[in-house]
Amino acid sequence: MSVIAAYYYNEGKRIREIAIDERVNLDKSRSGFCWIALREPTADELHALQATYHLHPLAIDNAMHPLCPPKLEVYNGELYIVAQTAELVGDRISYGKTAIFTGHNHLISVRHGNAGALGNLREQLEASPALFGQGVDYVLHAILHRLVDQYLPIFEMIEDDVLAMERRSLDDFLGRKEVARIFGLRSELTRFQRTLGAMAELVRKLVRGHFPCISAEVRPYFSDVADHIQRVQSMIDGLLQVLSTVFEASSLLEAQRTGVITRQLAAWAAILAVPTAIAGIYGMNFTNMPELNTTYGYFVVLGLIAVFCLLLFVRFKKAKWL
């Protein structure tokens, strides 16, 4: 059975457990409502909910799919919301889906994949009957708020790795593996940014829109969720810039180090060119070479080689090529 919990509440207090196909007599007040939570339900279970709560077939079909982008739809005055959960696994962000059916007196959540740390949310809400008793719209806010709160730890863990990589890039060359990791993290963050954008648009609709199942008193709570998403978006933007800076700085430092090595090689080549040229001249073995008969010719040539090499060495040293 994929039912996590299914209860009837009244005035913020749990009254009794219910079955997913049970028809509960609910009045028009907002104090009494049913909250049903399922994880990866079967088609039969979703169709039982559809028949009991008159859910729209298109929303039921969508809820069966494990992944789809965040969205908000209205069917006959009832909200259908898809929120995306996220969790960092290694260097990859694993995504899940929470589909939420919100009516006047019922809220049904269907989870796929990562649950987004919703496990203890029900207990926390039940501990505050005054707030919990506001109705399903407050529960909807609490679910979205909890899901969005799980985005910040993802940023913090990736940020620590990126800053450590930035420090290493200033001291040493980035290897092929680290460069590949930079591109991998940038790809993950870019996809995460698209998810955040879709979630932000979803919450903005809840803030600006007028829906029958969301009261004017609870609507400002969604503004707080929108602020959380915007803050994480800004942080991710900054982290993407840091990743680009790390790669660019590493490339510049590598080019600088390569230039230094090239200049050093060129300087030593110029210094060694002097004895090479002189040795090449005296290695031609011509018969008429006057210097060959000079008593001190060998020592004079060695002296000239040493002087020229020393002058070139001092010059290149001053130019900081060596």
# chains A, B, ... in the order shown; residues from 1 in each chain; ligands from 1
call {"tool": "residues_around", "arguments": {"residues": "segment 197-206 of chain A", "least_positions_apart": "5", "cutoff": "10 Å", "atoms": "only C-alpha atoms", "output": "MDAnalysis selection string"}}
result
chainID A and resid 69:73 81:84 141 144 148 191:192 211 214 219:230 233
call {"tool": "closest_residue", "arguments": {"among": "A:Ile108, A:Asp61, A:Asn76, A:Leu67", "to": "Leu49 of chain A", "atoms": "only C-alpha atoms"}}
result
A:Ile108
call {"tool": "select_by_dssp", "arguments": {"residues": "segment 102-274 of chain A", "states": "strand (DSSP E)", "output": "PyMOL selection string"}}
result
chain A and resi 102+106-112
call {"tool": "residues_around", "arguments": {"residues": "Lys97 of chain A", "least_positions_apart": "3", "cutoff": "10 Å", "atoms": "only C-alpha atoms", "output": "ChimeraX atom specification"}}
result
/A:40,63,65-70,82-86,100,110-116
call {"tool": "write_last_selection", "arguments": {"atoms": "N, CA, C and O atoms", "output": "PDB file, in the first residue's frame"}}
result
ATOM      1  N   GLU A  40       4.297   7.197  -4.739  1.00  0.00           N
ATOM      2  CA  GLU A  40       4.308   6.356  -5.934  1.00  0.00           C
ATOM      3  C   GLU A  40       3.102   5.398  -5.951  1.00  0.00           C
ATOM      4  O   GLU A  40       3.272   4.170  -5.942  1.00  0.00           O
ATOM      5  N   ALA A  63      -0.375  13.007 -12.700  1.00  0.00           N
ATOM      6  CA  ALA A  63       0.161  12.575 -11.413  1.00  0.00           C
ATOM      7  C   ALA A  63       0.799  11.200 -11.477  1.00  0.00           C
ATOM      8  O   ALA A  63       1.590  10.840 -10.607  1.00  0.00           O
ATOM      9  N   HIS A  65       2.886  10.195 -13.799  1.00  0.00           N
ATOM     10  CA  HIS A  65       4.242  10.273 -14.335  1.00  0.00           C
ATOM     11  C   HIS A  65       5.218  10.671 -13.234  1.00  0.00           C
ATOM     12  O   HIS A  65       4.949  11.595 -12.452  1.00  0.00           O
ATOM     13  N   PRO A  66       6.363  10.007 -13.151  1.00  0.00           N
ATOM     14  CA  PRO A  66       7.298  10.280 -12.054  1.00  0.00           C
ATOM     15  C   PRO A  66       7.954  11.645 -12.110  1.00  0.00           C
ATOM     16  O   PRO A  66       8.316  12.201 -11.079  1.00  0.00           O
ATOM     17  N   LEU A  67       8.129  12.204 -13.306  1.00  0.00           N
ATOM     18  CA  LEU A  67       8.790  13.502 -13.412  1.00  0.00           C
ATOM     19  C   LEU A  67       8.093  14.370 -14.445  1.00  0.00           C
ATOM     20  O   LEU A  67       7.735  13.902 -15.533  1.00  0.00           O
ATOM     21  N   CYS A  68       7.908  15.634 -14.087  1.00  0.00           N
ATOM     22  CA  CYS A  68       7.438  16.642 -15.032  1.00  0.00           C
ATOM     23  C   CYS A  68       7.755  18.003 -14.418  1.00  0.00           C
ATOM     24  O   CYS A  68       7.942  18.105 -13.196  1.00  0.00           O
ATOM     25  N   PRO A  69       7.851  19.048 -15.211  1.00  0.00           N
ATOM     26  CA  PRO A  69       8.241  20.354 -14.672  1.00  0.00           C
ATOM     27  C   PRO A  69       7.173  20.927 -13.751  1.00  0.00           C
ATOM     28  O   PRO A  69       6.006  20.539 -13.823  1.00  0.00           O
ATOM     29  N   PRO A  70       7.564  21.849 -12.876  1.00  0.00           N
ATOM     30  CA  PRO A  70       6.584  22.496 -11.995  1.00  0.00           C
ATOM     31  C   PRO A  70       5.480  23.180 -12.802  1.00  0.00           C
ATOM     32  O   PRO A  70       5.740  23.774 -13.842  1.00  0.00           O
ATOM     33  N   VAL A  82       2.177  20.872  -9.359  1.00  0.00           N
ATOM     34  CA  VAL A  82       3.332  19.971  -9.401  1.00  0.00           C
ATOM     35  C   VAL A  82       4.542  20.754  -8.922  1.00  0.00           C
ATOM     36  O   VAL A  82       4.929  21.760  -9.521  1.00  0.00           O
ATOM     37  N   ALA A  83       5.108  20.328  -7.811  1.00  0.00           N
ATOM     38  CA  ALA A  83       6.323  20.933  -7.267  1.00  0.00           C
ATOM     39  C   ALA A  83       7.472  19.944  -7.437  1.00  0.00           C
ATOM     40  O   ALA A  83       7.285  18.733  -7.301  1.00  0.00           O
ATOM     41  N   GLN A  84       8.657  20.466  -7.742  1.00  0.00           N
ATOM     42  CA  GLN A  84       9.804  19.596  -7.974  1.00  0.00           C
ATOM     43  C   GLN A  84      10.713  19.609  -6.750  1.00  0.00           C
ATOM     44  O   GLN A  84      11.073  20.667  -6.224  1.00  0.00           O
ATOM     45  N   THR A  85      11.044  18.420  -6.276  1.00  0.00           N
ATOM     46  CA  THR A  85      11.977  18.278  -5.170  1.00  0.00           C
ATOM     47  C   THR A  85      13.377  18.039  -5.721  1.00  0.00           C
ATOM     48  O   THR A  85      13.540  17.614  -6.874  1.00  0.00           O
ATOM     49  N   ALA A  86      14.375  18.315  -4.913  1.00  0.00           N
ATOM     50  CA  ALA A  86      15.761  18.168  -5.367  1.00  0.00           C
ATOM     51  C   ALA A  86      16.635  17.723  -4.203  1.00  0.00           C
ATOM     52  O   ALA A  86      16.413  18.103  -3.051  1.00  0.00           O
ATOM     53  N   ILE A 100       0.110  17.831  -6.070  1.00  0.00           N
ATOM     54  CA  ILE A 100      -0.796  18.213  -4.978  1.00  0.00           C
ATOM     55  C   ILE A 100      -2.153  18.589  -5.556  1.00  0.00           C
ATOM     56  O   ILE A 100      -2.254  19.504  -6.387  1.00  0.00           O
ATOM     57  N   VAL A 110       0.868  13.507  -3.847  1.00  0.00           N
ATOM     58  CA  VAL A 110       1.375  12.287  -4.489  1.00  0.00           C
ATOM     59  C   VAL A 110       2.857  12.496  -4.757  1.00  0.00           C
ATOM     60  O   VAL A 110       3.239  13.365  -5.543  1.00  0.00           O
ATOM     61  N   ARG A 111       3.708  11.700  -4.113  1.00  0.00           N
ATOM     62  CA  ARG A 111       5.149  11.874  -4.229  1.00  0.00           C
ATOM     63  C   ARG A 111       5.748  10.825  -5.150  1.00  0.00           C
ATOM     64  O   ARG A 111       5.357   9.661  -5.130  1.00  0.00           O
ATOM     65  N   HIS A 112       6.745  11.274  -5.918  1.00  0.00           N
ATOM     66  CA  HIS A 112       7.553  10.378  -6.747  1.00  0.00           C
ATOM     67  C   HIS A 112       9.018  10.720  -6.496  1.00  0.00           C
ATOM     68  O   HIS A 112       9.407  11.882  -6.529  1.00  0.00           O
ATOM     69  N   GLY A 113       9.831   9.694  -6.251  1.00  0.00           N
ATOM     70  CA  GLY A 113      11.258   9.935  -6.046  1.00  0.00           C
ATOM     71  C   GLY A 113      11.522  10.579  -4.701  1.00  0.00           C
ATOM     72  O   GLY A 113      10.894  10.258  -3.691  1.00  0.00           O
ATOM     73  N   ASN A 114      12.490  11.504  -4.692  1.00  0.00           N
ATOM     74  CA  ASN A 114      12.899  12.174  -3.467  1.00  0.00           C
ATOM     75  C   ASN A 114      11.711  12.875  -2.815  1.00  0.00           C
ATOM     76  O   ASN A 114      11.018  13.670  -3.433  1.00  0.00           O
ATOM     77  N   ALA A 115      11.484  12.588  -1.536  1.00  0.00           N
ATOM     78  CA  ALA A 115      10.312  13.129  -0.839  1.00  0.00           C
ATOM     79  C   ALA A 115      10.488  14.577  -0.409  1.00  0.00           C
ATOM     80  O   ALA A 115       9.526  15.221  -0.004  1.00  0.00           O
ATOM     81  N   GLY A 116      11.717  15.087  -0.486  1.00  0.00           N
ATOM     82  CA  GLY A 116      11.924  16.475  -0.108  1.00  0.00           C
ATOM     83  C   GLY A 116      11.768  16.743   1.384  1.00  0.00           C
ATOM     84  O   GLY A 116      11.348  17.811   1.802  1.00  0.00           O
TER      85      GLY A 116
END
call {"tool": "closest_residue", "arguments": {"among": "A:Ile158, A:Leu118, A:Leu240, A:Val300", "to": "Arg146 of chain A", "atoms": "only C-alpha atoms"}}
result
A:Leu118
call {"tool": "residues_around", "arguments": {"residues": "Leu302 of chain A", "least_positions_apart": "4", "cutoff": "12 Å", "atoms": "only C-alpha atoms", "output": "JSON, numbers by chain"}}
result
{"A": [274, 275, 276, 278, 279, 296, 297, 298, 306, 307, 308, 309]}
call {"tool": "residues_around", "arguments": {"residues": "Arg186 of chain A", "least_positions_apart": "2", "cutoff": "12 Å", "atoms": "only C-alpha atoms", "output": "MDAnalysis selection string"}}
result
chainID A and resid 91:93 158:159 162 179:184 188:193 236:247
call {"tool": "residues_around", "arguments": {"residues": "Val139 of chain A", "least_positions_apart": "4", "cutoff": "10 Å", "atoms": "only C-alpha atoms", "output": "ChimeraX atom specification"}}
result
/A:35,102,107,121-122,125,131-135,143-145,218
call {"tool": "closest_residue", "arguments": {"among": "A:Trp321, A:Leu147, A:Leu312, A:Arg14", "to": "Val260 of chain A", "atoms": "only C-alpha atoms"}}
result
A:Trp321
